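**Q** What follows is my_file.cif, mmCIF, C-alpha atoms.
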```
data_input
#
loop_
_atom_site.label_atom_id
_atom_site.label_comp_id
_atom_site.auth_asym_id
_atom_site.auth_seq_id
_atom_site.Cartn_x
_atom_site.Cartn_y
_atom_site.Cartn_z
CA MET A 1 6.13 -66.35 66.78
CA THR A 2 8.22 -64.84 64.01
CA LEU A 3 8.04 -68.09 62.04
CA ALA A 4 4.22 -68.06 62.20
CA VAL A 5 4.04 -64.53 60.82
CA LEU A 6 6.28 -65.42 57.92
CA CYS A 7 4.19 -68.46 57.10
CA LEU A 8 0.98 -66.41 57.06
CA ALA A 9 2.50 -63.85 54.68
CA ALA A 10 3.77 -66.54 52.34
CA CYS A 11 0.43 -68.29 52.25
CA LYS A 12 -1.57 -65.24 50.96
CA GLY A 13 -3.19 -65.85 47.54
CA PRO A 14 -3.39 -63.34 44.67
CA GLN A 15 -6.82 -62.27 45.80
CA GLU A 16 -5.37 -61.22 49.13
CA GLN A 17 -2.61 -58.85 47.76
CA ASP A 18 -2.47 -55.19 48.83
CA PRO A 19 -4.70 -53.04 46.55
CA GLU A 20 -2.01 -50.32 46.37
CA ASP A 21 0.51 -52.83 45.04
CA ALA A 22 -1.99 -54.01 42.41
CA SER A 23 -2.49 -50.49 41.06
CA LYS A 24 1.23 -50.15 40.50
CA LEU A 25 1.25 -53.25 38.34
CA ALA A 26 -1.71 -52.16 36.13
CA TYR A 27 -0.86 -50.62 32.62
CA SER A 28 -2.83 -47.82 31.11
CA PRO A 29 -1.68 -46.57 27.65
CA GLU A 30 -1.19 -42.78 27.30
CA THR A 31 -4.10 -41.08 25.55
CA ASN A 32 -3.65 -37.72 23.73
CA GLU A 33 -6.47 -35.26 23.28
CA VAL A 34 -6.40 -33.70 19.81
CA GLU A 35 -8.38 -31.48 17.47
CA VAL A 36 -9.04 -32.48 13.87
CA ILE A 37 -10.27 -31.00 10.59
CA THR A 38 -11.65 -32.74 7.52
CA LEU A 39 -9.29 -32.33 4.59
CA ARG A 40 -10.83 -30.58 1.58
CA ARG A 41 -9.59 -29.19 -1.71
CA THR A 42 -10.07 -25.45 -1.72
CA SER A 43 -8.58 -22.23 -3.06
CA PHE A 44 -5.33 -21.39 -1.34
CA PRO A 45 -4.63 -17.69 -0.79
CA MET A 46 -0.92 -17.54 -1.50
CA GLN A 47 0.85 -14.46 -0.21
CA LEU A 48 3.96 -12.47 -0.99
CA VAL A 49 4.98 -10.19 1.87
CA ALA A 50 7.36 -7.25 1.42
CA ASN A 51 8.22 -3.90 2.93
CA GLY A 52 7.25 -0.78 0.99
CA LYS A 53 7.14 2.99 1.17
CA LEU A 54 4.12 5.16 0.46
CA VAL A 55 4.25 8.06 -1.96
CA ALA A 56 1.26 10.30 -2.54
CA ALA A 57 -0.07 9.65 -6.04
CA GLN A 58 -0.37 13.42 -6.47
CA ARG A 59 2.07 15.79 -4.75
CA SER A 60 3.55 19.08 -5.82
CA ALA A 61 6.12 21.54 -4.47
CA LEU A 62 4.44 24.95 -4.88
CA SER A 63 6.25 28.22 -5.52
CA PHE A 64 5.28 31.81 -6.31
CA ARG A 65 5.98 32.95 -9.86
CA GLU A 66 7.04 36.30 -8.39
CA SER A 67 9.46 37.29 -5.64
CA GLY A 68 8.32 39.36 -2.72
CA GLN A 69 7.22 39.63 0.87
CA ILE A 70 4.51 37.35 2.20
CA VAL A 71 1.63 39.45 3.54
CA ASP A 72 -0.99 36.72 3.98
CA LEU A 73 -0.45 33.08 5.00
CA PRO A 74 -3.79 31.50 6.00
CA VAL A 75 -2.54 27.87 6.09
CA GLN A 76 -0.18 25.78 8.18
CA ASN A 77 1.33 22.31 7.96
CA GLY A 78 -1.34 19.62 8.02
CA ALA A 79 -4.10 21.95 6.86
CA SER A 80 -6.61 20.47 4.44
CA VAL A 81 -7.38 22.76 1.52
CA ALA A 82 -9.73 22.60 -1.46
CA ARG A 83 -8.68 23.13 -5.04
CA GLY A 84 -8.34 26.86 -5.75
CA ALA A 85 -7.94 27.84 -2.10
CA VAL A 86 -5.50 30.68 -1.36
CA LEU A 87 -2.34 29.37 0.30
CA ALA A 88 -0.44 32.69 0.51
CA ARG A 89 -0.27 36.21 -0.91
CA LEU A 90 2.66 38.52 -1.64
CA ASP A 91 2.76 42.30 -1.41
CA ASP A 92 1.42 43.25 -4.88
CA ALA A 93 1.77 47.04 -4.90
CA GLU A 94 4.42 47.05 -7.64
CA GLN A 95 2.45 44.59 -9.79
CA ARG A 96 -0.69 46.70 -9.53
CA LEU A 97 1.20 49.83 -10.59
CA ALA A 98 2.75 47.92 -13.50
CA LEU A 99 -0.68 46.70 -14.58
CA GLU A 100 -2.09 50.23 -14.51
CA SER A 101 0.82 51.52 -16.61
CA ALA A 102 0.27 48.69 -19.08
CA ARG A 103 -3.43 49.54 -19.27
CA ILE A 104 -2.71 53.19 -20.07
CA GLU A 105 -0.19 52.22 -22.74
CA LEU A 106 -2.67 49.79 -24.24
CA ALA A 107 -5.32 52.52 -24.47
CA ARG A 108 -2.87 54.98 -26.08
CA THR A 109 -1.61 52.54 -28.71
CA ARG A 110 -5.15 51.50 -29.57
CA LEU A 111 -5.84 55.06 -30.63
CA GLU A 112 -2.76 55.00 -32.83
CA TYR A 113 -3.87 51.63 -34.22
CA LEU A 114 -7.21 53.13 -35.25
CA ASP A 115 -5.42 56.13 -36.79
CA VAL A 116 -3.27 53.79 -38.91
CA LEU A 117 -6.40 52.04 -40.13
CA ALA A 118 -8.06 55.39 -40.87
CA THR A 119 -5.14 56.53 -43.04
CA GLN A 120 -5.70 53.40 -45.11
CA GLY A 121 -9.37 54.21 -45.63
CA TRP A 122 -10.89 52.07 -42.92
CA ALA A 123 -13.45 53.72 -40.69
CA VAL A 124 -13.45 53.06 -36.95
CA ALA A 125 -16.89 51.47 -37.20
CA ASP A 126 -15.60 49.05 -39.85
CA SER A 127 -12.48 47.96 -37.92
CA ALA A 128 -13.94 44.51 -37.28
CA SER A 129 -14.20 43.87 -41.03
CA VAL A 130 -10.58 44.85 -41.75
CA PRO A 131 -8.60 41.98 -43.32
CA ALA A 132 -6.35 40.11 -40.92
CA ASP A 133 -3.09 41.06 -42.63
CA VAL A 134 -4.05 44.76 -42.57
CA ARG A 135 -4.93 44.58 -38.87
CA GLU A 136 -1.64 42.83 -38.08
CA LEU A 137 0.42 45.45 -39.91
CA ALA A 138 -1.47 48.29 -38.21
CA GLY A 139 -0.93 46.70 -34.81
CA ILE A 140 2.82 46.48 -35.38
CA ARG A 141 3.16 50.05 -36.68
CA SER A 142 1.12 51.53 -33.84
CA GLY A 143 2.74 49.45 -31.08
CA TYR A 144 -0.70 48.15 -30.16
CA SER A 145 0.34 44.49 -30.50
CA ASN A 146 3.25 44.92 -28.07
CA ALA A 147 1.05 46.87 -25.68
CA ARG A 148 -1.46 44.01 -25.57
CA ASN A 149 1.34 41.57 -24.75
CA ASP A 150 2.68 43.87 -22.03
CA TYR A 151 -0.78 44.18 -20.50
CA ALA A 152 -1.26 40.40 -20.47
CA ARG A 153 2.19 40.01 -18.89
CA ALA A 154 1.34 42.53 -16.19
CA GLN A 155 -1.93 40.74 -15.46
CA ARG A 156 -0.07 37.46 -15.11
CA ALA A 157 2.49 39.06 -12.80
CA LEU A 158 -0.30 40.33 -10.53
CA GLU A 159 -1.97 36.92 -10.50
CA GLY A 160 1.42 35.43 -9.60
CA THR A 161 1.41 37.17 -6.25
CA VAL A 162 -1.34 34.80 -5.11
CA LEU A 163 -0.51 31.11 -4.60
CA ARG A 164 -3.51 28.81 -4.95
CA ALA A 165 -3.94 25.07 -4.44
CA PRO A 166 -3.94 23.31 -7.84
CA PHE A 167 -5.81 20.36 -6.31
CA SER A 168 -7.37 19.38 -2.99
CA GLY A 169 -5.00 18.00 -0.38
CA LYS A 170 -2.92 18.69 2.71
CA VAL A 171 -0.19 21.26 3.21
CA ALA A 172 3.27 19.96 4.14
CA ASP A 173 6.88 21.21 4.37
CA LEU A 174 5.82 24.82 5.04
CA GLN A 175 8.87 26.62 6.44
CA LEU A 176 8.29 30.34 5.78
CA LYS A 177 6.17 32.68 7.90
CA LYS A 178 4.16 35.82 7.30
CA TRP A 179 6.41 38.80 6.37
CA ASP A 180 9.22 36.50 5.21
CA ARG A 181 10.54 37.09 1.71
CA THR A 182 10.45 34.41 -0.94
CA GLY A 183 12.64 34.35 -4.01
CA GLY A 184 11.08 31.52 -5.98
CA ASP A 185 11.94 28.62 -3.71
CA PRO A 186 9.06 26.23 -2.88
CA LEU A 187 6.77 27.66 -0.24
CA CYS A 188 5.21 24.29 0.66
CA THR A 189 4.28 20.88 -0.67
CA LEU A 190 0.68 19.97 -1.39
CA ILE A 191 -0.21 16.30 -0.96
CA ALA A 192 -3.43 14.73 -2.25
CA ASP A 193 -3.87 12.27 0.62
CA GLY A 194 -6.77 10.30 -0.81
CA THR A 195 -4.65 8.00 -2.98
CA TYR A 196 -1.15 6.66 -2.47
CA ASP A 197 1.33 4.64 -4.49
CA VAL A 198 3.37 2.04 -2.65
CA THR A 199 6.65 0.85 -4.15
CA PHE A 200 8.18 -2.42 -3.03
CA SER A 201 10.68 -5.01 -4.25
CA ALA A 202 10.17 -8.66 -5.16
CA LEU A 203 12.70 -11.36 -6.00
CA GLU A 204 13.16 -12.18 -9.66
CA SER A 205 11.92 -15.70 -8.88
CA GLU A 206 8.61 -14.13 -7.82
CA TYR A 207 8.11 -12.28 -11.11
CA GLY A 208 5.68 -14.90 -12.43
CA PHE A 209 3.59 -14.54 -9.28
CA LEU A 210 2.89 -10.86 -10.00
CA ALA A 211 0.52 -9.26 -12.51
CA ARG A 212 -0.97 -5.84 -13.20
CA GLY A 213 -4.34 -5.44 -11.50
CA GLN A 214 -3.48 -8.02 -8.83
CA ARG A 215 -4.88 -7.20 -5.40
CA VAL A 216 -2.61 -6.08 -2.58
CA SER A 217 -3.09 -4.82 0.95
CA VAL A 218 -0.89 -2.54 3.00
CA SER A 219 -0.74 -1.97 6.74
CA PRO A 220 1.39 0.48 8.72
CA PHE A 221 3.90 -1.14 11.04
CA GLY A 222 2.45 -1.59 14.52
CA SER A 223 -1.12 -1.29 13.26
CA GLU A 224 -3.81 -3.84 12.42
CA ARG A 225 -5.47 -1.54 9.86
CA ARG A 226 -5.39 -2.77 6.26
CA PHE A 227 -5.87 -0.79 3.05
CA ALA A 228 -6.65 -2.53 -0.22
CA GLY A 229 -5.21 -1.69 -3.63
CA GLN A 230 -4.00 -3.07 -6.96
CA ILE A 231 -0.65 -3.47 -8.69
CA ARG A 232 -0.31 -0.66 -11.24
CA GLN A 233 3.06 -1.38 -12.79
CA ILE A 234 5.90 -3.89 -12.68
CA ASN A 235 9.33 -2.75 -13.80
CA PRO A 236 10.52 -5.51 -16.19
CA THR A 237 14.18 -5.27 -15.19
CA VAL A 238 16.19 -6.96 -12.46
CA ASP A 239 18.54 -4.82 -10.36
CA ARG A 240 21.98 -5.86 -9.16
CA ASN A 241 20.43 -7.34 -6.02
CA GLY A 242 18.25 -9.71 -8.06
CA GLN A 243 15.05 -7.77 -7.34
CA ILE A 244 12.34 -6.12 -9.39
CA SER A 245 10.45 -2.94 -8.50
CA VAL A 246 6.66 -3.08 -8.19
CA THR A 247 4.23 -0.18 -7.73
CA ALA A 248 0.67 -0.52 -6.46
CA THR A 249 -2.04 2.13 -6.06
CA ILE A 250 -3.96 2.38 -2.78
CA PRO A 251 -7.14 4.49 -3.16
CA GLY A 252 -9.23 5.81 -0.31
CA ALA A 253 -6.30 5.62 2.09
CA ALA A 254 -7.12 8.51 4.41
CA GLY A 255 -5.09 8.15 7.58
CA LEU A 256 -1.85 7.17 5.84
CA LEU A 257 1.10 9.51 5.39
CA ASP A 258 3.39 10.31 2.50
CA GLY A 259 6.72 8.53 3.02
CA MET A 260 5.27 6.05 5.55
CA ASN A 261 6.87 2.59 5.74
CA VAL A 262 4.30 -0.19 5.40
CA LYS A 263 3.99 -3.94 5.11
CA VAL A 264 2.72 -5.01 1.69
CA THR A 265 0.88 -8.29 1.15
CA VAL A 266 0.18 -9.54 -2.38
CA ASP A 267 -2.53 -12.21 -2.63
CA LYS A 268 -3.12 -14.80 -5.31
CA ASP A 269 -5.57 -17.72 -5.13
CA LEU A 270 -4.30 -21.15 -6.18
CA PRO A 271 -7.28 -23.42 -6.96
CA ALA A 272 -7.91 -27.01 -5.76
CA GLN A 273 -5.26 -27.23 -3.03
CA LEU A 274 -5.20 -29.47 0.07
CA VAL A 275 -4.95 -26.85 2.79
CA VAL A 276 -4.08 -27.38 6.47
CA PRO A 277 -3.27 -24.96 9.30
CA LYS A 278 0.43 -24.50 9.92
CA SER A 279 -0.01 -26.18 13.31
CA ALA A 280 -0.85 -29.47 11.55
CA VAL A 281 2.65 -29.92 10.08
CA VAL A 282 5.51 -31.02 12.35
CA ILE A 283 9.06 -32.19 11.72
CA ARG A 284 10.06 -35.82 12.29
CA ASP A 285 13.46 -37.19 11.28
CA GLY A 286 14.12 -33.93 9.46
CA LEU A 287 11.04 -34.37 7.25
CA GLU A 288 7.62 -32.71 7.20
CA VAL A 289 4.79 -34.88 8.47
CA LEU A 290 1.23 -34.53 9.62
CA PHE A 291 -0.98 -36.98 11.51
CA ARG A 292 -4.16 -38.49 10.15
CA HIS A 293 -6.78 -39.65 12.64
CA ARG A 294 -8.25 -43.06 11.97
CA GLY A 295 -9.94 -45.43 14.42
CA GLY A 296 -8.69 -43.63 17.51
CA LYS A 297 -5.08 -43.78 16.31
CA ALA A 298 -2.69 -41.21 14.88
CA GLU A 299 -1.17 -42.22 11.55
CA TRP A 300 2.09 -40.67 10.50
CA VAL A 301 1.91 -39.17 6.95
CA TYR A 302 4.93 -37.71 5.17
CA VAL A 303 4.06 -34.56 3.19
CA HIS A 304 5.53 -31.75 1.13
CA THR A 305 4.47 -28.14 1.84
CA VAL A 306 4.23 -26.72 -1.66
CA ASN A 307 2.99 -23.24 -0.72
CA ALA A 308 2.59 -21.20 2.44
CA ASN A 309 0.92 -18.06 3.70
CA SER A 310 0.74 -16.48 7.14
CA GLU A 311 -1.71 -19.10 8.49
CA SER A 312 -1.74 -22.20 6.28
CA PHE A 313 0.18 -24.68 4.15
CA ALA A 314 -0.87 -26.20 0.86
CA VAL A 315 0.37 -29.80 1.11
CA THR A 316 0.82 -32.91 -1.04
CA ALA A 317 1.65 -36.45 -0.01
CA ASN A 318 5.33 -37.40 -0.08
CA THR A 319 4.97 -40.32 -2.49
CA ASP A 320 8.69 -41.08 -2.25
CA ARG A 321 7.87 -42.25 1.29
CA GLY A 322 4.79 -44.15 0.17
CA ALA A 323 2.43 -41.60 1.70
CA THR A 324 -1.14 -40.96 0.55
CA LEU A 325 -3.42 -38.04 1.29
CA ASN A 326 -7.05 -37.68 0.22
CA GLU A 327 -10.04 -35.44 0.62
CA GLY A 328 -12.13 -36.51 3.59
CA ASP A 329 -9.12 -37.54 5.72
CA GLU A 330 -9.30 -36.32 9.31
CA ILE A 331 -6.13 -34.33 9.97
CA ILE A 332 -4.92 -33.63 13.51
CA VAL A 333 -4.26 -29.91 13.92
CA SER A 334 -3.51 -29.61 17.66
CA GLY A 335 -2.09 -31.85 20.35
CA ASN A 336 0.28 -33.36 17.80
CA LEU A 337 3.66 -32.21 19.07
CA ASN A 338 4.37 -35.38 21.07
CA LEU A 339 2.55 -37.87 18.87
CA ALA A 340 4.17 -40.92 17.29
CA ASP A 341 2.87 -43.23 14.60
CA GLY A 342 0.10 -45.34 16.16
CA SER A 343 -0.42 -43.13 19.22
CA THR A 344 -3.84 -43.45 20.84
CA VAL A 345 -5.83 -40.22 20.57
CA ILE A 346 -9.19 -38.86 21.65
CA VAL A 347 -10.79 -36.16 19.52
CA LYS A 348 -11.65 -33.14 21.61
CA LYS A 349 -15.34 -32.29 21.49
CA GLN A 350 -16.10 -29.01 19.79
#
```
What does this structure look like when you write it as C-alpha cells?
**A**
Amino acid sequence: MTLAVLCLAACKGPQEQDPEDASKLAYSPETNEVEVITLRRTSFPMQLVANGKLVAAQRSALSFRESGQIVDLPVQNGASVARGAVLARLDDAEQRLALESARIELARTRLEYLDVLATQGWAVADSASVPADVRELAGIRSGYSNARNDYARAQRALEGTVLRAPFSGKVADLQLKKWDRTGGDPLCTLIADGTYDVTFSALESEYGFLARGQRVSVSPFGSERRFAGQIRQINPTVDRNGQISVTATIPGAAGLLDGMNVKVTVDKDLPAQLVVPKSAVVIRDGLEVLFRHRGGKAEWVYVHTVNANSESFAVTANTDRGATLNEGDEIIVSGNLNLADGSTVIVKKQ
C-alpha cells in the first residue's frame, strides 16, 4: 500500500502541483511608489539666517531739568502716550515765586532803561527808533538786559517742572512713584514702538551676499509671525571672531519689544537655478545624489548642492561622475530613501 502511494506522488505532472507551492516559486519585483516634479530653471531664494536683537529706532531716557517732589504722575509702564503728553509734574511753588520776582525786576529795570534813553534825548514814544548800539548800552547801564535774561531763565525753570513726551511711544523703566523726589536721574524711558532696528552678525565670507536696501524678515523665537524690513547699514570691519555687524530697520513692527531676541532671515534671489526640494537629495556612497524618473525606472544622478535655503537646494550635475541634469527631467522627491539605480517605481497619482 505504501509503495502505491509513493508511486502516485512521483507520477504527478507539473500541472498537478500544489497551488500554494507554486506561489512560493513565483517572483514579483519590488515596486516603489514615488512622487515627482518636473525640473525647471527658476529664481532661487537664497537665505542667510542669524540671531539678532531688537532696538527701538527711537528711544530716550527722560529726566526733569529741575529737582523736586513729584506731585503728578499720570502714566505707568507700558502706557502709550502722544507727543507732548504730560508724563509727570514736580511741585513748582518755588519756580512760580522765582518767576514773579523776575517779572517785577524786569518791570523795574525797564523803567530805568527808558530813563537812560530819556537822558540821551530819546523820547519814550521814539524808543523803537533808537539805534541798536544806543539801546544795548542803555540796557546794560539800567540792568534791563540782565533782568530779561533772568526772567527767561525763570520761565524755563518753571517749564522744567513738567516732563512731556518728545515723541509718541510707550513708557518703560518707570521706577519712581508720586511724592518721590527726583534729583535729575532719568524718570523713565520712552520707546517709539512703531519702528525697530535689528542688529545681527554675519560671517566675513557672507559679506558679498549682503547689500544696503536688501530685504530681511524677523520673527520672535517661538512665533510664526514675520516682520519685513531692509538692511540699513553694514559695518565694513571684521571683528576678532571673523564676523561683521549688520543693522536692518523694521518699520510697522507693533507687537515687538525693545531688546527682544529674534531670528533674522536675509533673502536674495539667484536667477536661473535648477531647484529641487531638500527631500529630493539623498546620500549614497558619501556623495549627494537624486533620482530621475524615466520609463518606470529610477536613475541615479550624482549632483552638487550649490546653494540651500530652509526648504530647497539649488543643484548642478556632478560632471566628474558623468552625470547630466536638464530642464524637463522628472525628479523623484518622495519615496526615494530606499531606491537604488534601476529600481522599478510607480508615480503616485496627484
**Q** State, in Å with one decimal place, the distance from CA of Leu62 (chain A) to CA of Asn261 (chain A).
**A**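 Distance between the two atoms: 24.9 Å.
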**Q** When you draw a straight line from CA of Val71 (chain A) to CA of Trp179 (chain A), how long is it in Å?
**A**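 Value for the CA of Val71 (chain A)-CA of Trp179 (chain A) distance: 5.6 Å.
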**Q** Translate the PyMOL selection byres ((chain A and resi 237-250) around 12) into a concrete residue list for this structure, as a compact mmCIF listing (two decimals) with C-alpha atoms, in the coordinates of the input.
**A**
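selection.txt written:
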```
# COMPACT_ATOMS: atom_id res chain seq x y z
CA ALA A 50 7.36 -7.25 1.42
CA ASN A 51 8.22 -3.90 2.93
CA GLY A 52 7.25 -0.78 0.99
CA LYS A 53 7.14 2.99 1.17
CA LEU A 54 4.12 5.16 0.46
CA VAL A 55 4.25 8.06 -1.96
CA ALA A 56 1.26 10.30 -2.54
CA ALA A 57 -0.07 9.65 -6.04
CA GLN A 58 -0.37 13.42 -6.47
CA ASP A 193 -3.87 12.27 0.62
CA GLY A 194 -6.77 10.30 -0.81
CA THR A 195 -4.65 8.00 -2.98
CA TYR A 196 -1.15 6.66 -2.47
CA ASP A 197 1.33 4.64 -4.49
CA VAL A 198 3.37 2.04 -2.65
CA THR A 199 6.65 0.85 -4.15
CA PHE A 200 8.18 -2.42 -3.03
CA SER A 201 10.68 -5.01 -4.25
CA ALA A 202 10.17 -8.66 -5.16
CA LEU A 203 12.70 -11.36 -6.00
CA GLU A 204 13.16 -12.18 -9.66
CA SER A 205 11.92 -15.70 -8.88
CA GLU A 206 8.61 -14.13 -7.82
CA TYR A 207 8.11 -12.28 -11.11
CA GLY A 208 5.68 -14.90 -12.43
CA PHE A 209 3.59 -14.54 -9.28
CA LEU A 210 2.89 -10.86 -10.00
CA ALA A 211 0.52 -9.26 -12.51
CA ARG A 212 -0.97 -5.84 -13.20
CA GLY A 213 -4.34 -5.44 -11.50
CA GLN A 214 -3.48 -8.02 -8.83
CA ARG A 215 -4.88 -7.20 -5.40
CA VAL A 216 -2.61 -6.08 -2.58
CA SER A 217 -3.09 -4.82 0.95
CA VAL A 218 -0.89 -2.54 3.00
CA SER A 219 -0.74 -1.97 6.74
CA ARG A 226 -5.39 -2.77 6.26
CA PHE A 227 -5.87 -0.79 3.05
CA ALA A 228 -6.65 -2.53 -0.22
CA GLY A 229 -5.21 -1.69 -3.63
CA GLN A 230 -4.00 -3.07 -6.96
CA ILE A 231 -0.65 -3.47 -8.69
CA ARG A 232 -0.31 -0.66 -11.24
CA GLN A 233 3.06 -1.38 -12.79
CA ILE A 234 5.90 -3.89 -12.68
CA ASN A 235 9.33 -2.75 -13.80
CA PRO A 236 10.52 -5.51 -16.19
CA PRO A 251 -7.14 4.49 -3.16
CA GLY A 252 -9.23 5.81 -0.31
CA ALA A 253 -6.30 5.62 2.09
CA ALA A 254 -7.12 8.51 4.41
CA GLY A 255 -5.09 8.15 7.58
CA LEU A 256 -1.85 7.17 5.84
CA LEU A 257 1.10 9.51 5.39
CA VAL A 262 4.30 -0.19 5.40
CA VAL A 264 2.72 -5.01 1.69
CA THR A 265 0.88 -8.29 1.15
CA VAL A 266 0.18 -9.54 -2.38
```
**Q** Within 9 Å of (6.6, -36.6, 11.7) (file coordinates; all atoms listed in the file), which protein or nucleic acid residues are there? I'd like them as a ChimeraX atom specification.
**A** /A:281-291,300-302,339-341
**Q** Counting only C-alpha atoms, I want the residues whose atoms come within 10 Å of (-5.2, -32.2, 16.4) in the file frame, returned as a PyMOL selection string.
**A** chain A and resi 32-37+279-280+290-293+298+330-337+339+345-348
**Q** Figure out the distance between CA of Thr31 (chain A) and CA of His304 (chain A), please, to one decimal in Å.
**A**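 It comes out at 27.9 Å.
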**Q** So that I can see what lies close to Gly78 (chain A), please list as a list in words the residues with an atom at most 12 Å from it, counting only C-alpha atoms and leaving out residues fewer than 2 positions away in the same chain.
**A**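 After dropping sequence-adjacent residues, the list is Val75, Gln76, Ser80, Val81, Gly169, Lys170, Val171, Ala172, Asp173, Leu174, Cys188, Thr189, Leu190, Ile191, Ala192, Asp193, Leu257 and Asp258 of chain A.
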**Q** Take the residues from that selection and write them out as a PDB file, in the coordinates of the input, keeping C-alpha atoms.
**A**
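Output contents, as saved in again31.pdb:
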```pdb
ATOM      1  CA  VAL A  75      -2.540  27.870   6.090  1.00  0.00           C
ATOM      2  CA  GLN A  76      -0.180  25.780   8.180  1.00  0.00           C
ATOM      3  CA  SER A  80      -6.610  20.470   4.440  1.00  0.00           C
ATOM      4  CA  VAL A  81      -7.380  22.760   1.520  1.00  0.00           C
ATOM      5  CA  GLY A 169      -5.000  18.000  -0.380  1.00  0.00           C
ATOM      6  CA  LYS A 170      -2.920  18.690   2.710  1.00  0.00           C
ATOM      7  CA  VAL A 171      -0.190  21.260   3.210  1.00  0.00           C
ATOM      8  CA  ALA A 172       3.270  19.960   4.140  1.00  0.00           C
ATOM      9  CA  ASP A 173       6.880  21.210   4.370  1.00  0.00           C
ATOM     10  CA  LEU A 174       5.820  24.820   5.040  1.00  0.00           C
ATOM     11  CA  CYS A 188       5.210  24.290   0.660  1.00  0.00           C
ATOM     12  CA  THR A 189       4.280  20.880  -0.670  1.00  0.00           C
ATOM     13  CA  LEU A 190       0.680  19.970  -1.390  1.00  0.00           C
ATOM     14  CA  ILE A 191      -0.210  16.300  -0.960  1.00  0.00           C
ATOM     15  CA  ALA A 192      -3.430  14.730  -2.250  1.00  0.00           C
ATOM     16  CA  ASP A 193      -3.870  12.270   0.620  1.00  0.00           C
ATOM     17  CA  LEU A 257       1.100   9.510   5.390  1.00  0.00           C
ATOM     18  CA  ASP A 258       3.390  10.310   2.500  1.00  0.00           C
TER      19      ASP A 258
END
```
**Q** Box for region 55-68 of chain A - axis-aligned, 3 Å on each of the six sides, all listed atoms - centre and size in Å to one decimal, as AutoDock Vina command-line options.
**A**
```
--center_x 4.5 --center_y 23.7 --center_z -5.9 --size_x 15.8 --size_y 37.3 --size_z 13.9
```
**Q** Kindly complete region 247-259 of chain A to N, CA, C and O atoms; the output should be written as a JSON list (two decimals), in the frame of the given file.
**A**
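Below you can see selection_26.json, which holds the result:
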```json
[["chain", "number", "residue", "atom", "x", "y", "z"],
["A", 247, "THR", "N", 5.00, -1.31, -8.25],
["A", 247, "THR", "CA", 4.23, -0.18, -7.73],
["A", 247, "THR", "C", 2.75, -0.53, -7.73],
["A", 247, "THR", "O", 2.22, -1.00, -8.73],
["A", 248, "ALA", "N", 2.11, -0.30, -6.60],
["A", 248, "ALA", "CA", 0.67, -0.52, -6.46],
["A", 248, "ALA", "C", 0.00, 0.78, -6.05],
["A", 248, "ALA", "O", 0.62, 1.63, -5.40],
["A", 249, "THR", "N", -1.26, 0.94, -6.42],
["A", 249, "THR", "CA", -2.04, 2.13, -6.06],
["A", 249, "THR", "C", -3.03, 1.77, -4.98],
["A", 249, "THR", "O", -3.74, 0.77, -5.07],
["A", 250, "ILE", "N", -3.07, 2.60, -3.92],
["A", 250, "ILE", "CA", -3.96, 2.38, -2.78],
["A", 250, "ILE", "C", -4.94, 3.54, -2.71],
["A", 250, "ILE", "O", -4.61, 4.62, -2.21],
["A", 251, "PRO", "N", -6.16, 3.39, -3.22],
["A", 251, "PRO", "CA", -7.14, 4.49, -3.16],
["A", 251, "PRO", "C", -7.85, 4.53, -1.81],
["A", 251, "PRO", "O", -7.86, 3.55, -1.07],
["A", 252, "GLY", "N", -8.44, 5.68, -1.53],
["A", 252, "GLY", "CA", -9.23, 5.81, -0.31],
["A", 252, "GLY", "C", -8.45, 5.50, 0.95],
["A", 252, "GLY", "O", -8.94, 4.84, 1.85],
["A", 253, "ALA", "N", -7.19, 5.98, 0.99],
["A", 253, "ALA", "CA", -6.30, 5.62, 2.09],
["A", 253, "ALA", "C", -6.12, 6.77, 3.07],
["A", 253, "ALA", "O", -5.01, 7.08, 3.49],
["A", 254, "ALA", "N", -7.20, 7.44, 3.42],
["A", 254, "ALA", "CA", -7.12, 8.51, 4.41],
["A", 254, "ALA", "C", -6.62, 7.94, 5.73],
["A", 254, "ALA", "O", -7.05, 6.88, 6.17],
["A", 255, "GLY", "N", -5.69, 8.64, 6.34],
["A", 255, "GLY", "CA", -5.09, 8.15, 7.58],
["A", 255, "GLY", "C", -3.67, 7.68, 7.39],
["A", 255, "GLY", "O", -2.93, 7.49, 8.36],
["A", 256, "LEU", "N", -3.24, 7.49, 6.13],
["A", 256, "LEU", "CA", -1.85, 7.17, 5.84],
["A", 256, "LEU", "C", -1.07, 8.45, 5.58],
["A", 256, "LEU", "O", -1.65, 9.52, 5.41],
["A", 257, "LEU", "N", 0.26, 8.33, 5.56],
["A", 257, "LEU", "CA", 1.10, 9.51, 5.39],
["A", 257, "LEU", "C", 2.09, 9.29, 4.26],
["A", 257, "LEU", "O", 2.60, 8.18, 4.07],
["A", 258, "ASP", "N", 2.38, 10.35, 3.55],
["A", 258, "ASP", "CA", 3.39, 10.31, 2.50],
["A", 258, "ASP", "C", 4.74, 9.94, 3.12],
["A", 258, "ASP", "O", 5.16, 10.50, 4.13],
["A", 259, "GLY", "N", 5.42, 8.97, 2.52],
["A", 259, "GLY", "CA", 6.72, 8.53, 3.02],
["A", 259, "GLY", "C", 6.64, 7.46, 4.09],
["A", 259, "GLY", "O", 7.68, 6.99, 4.57]]
```
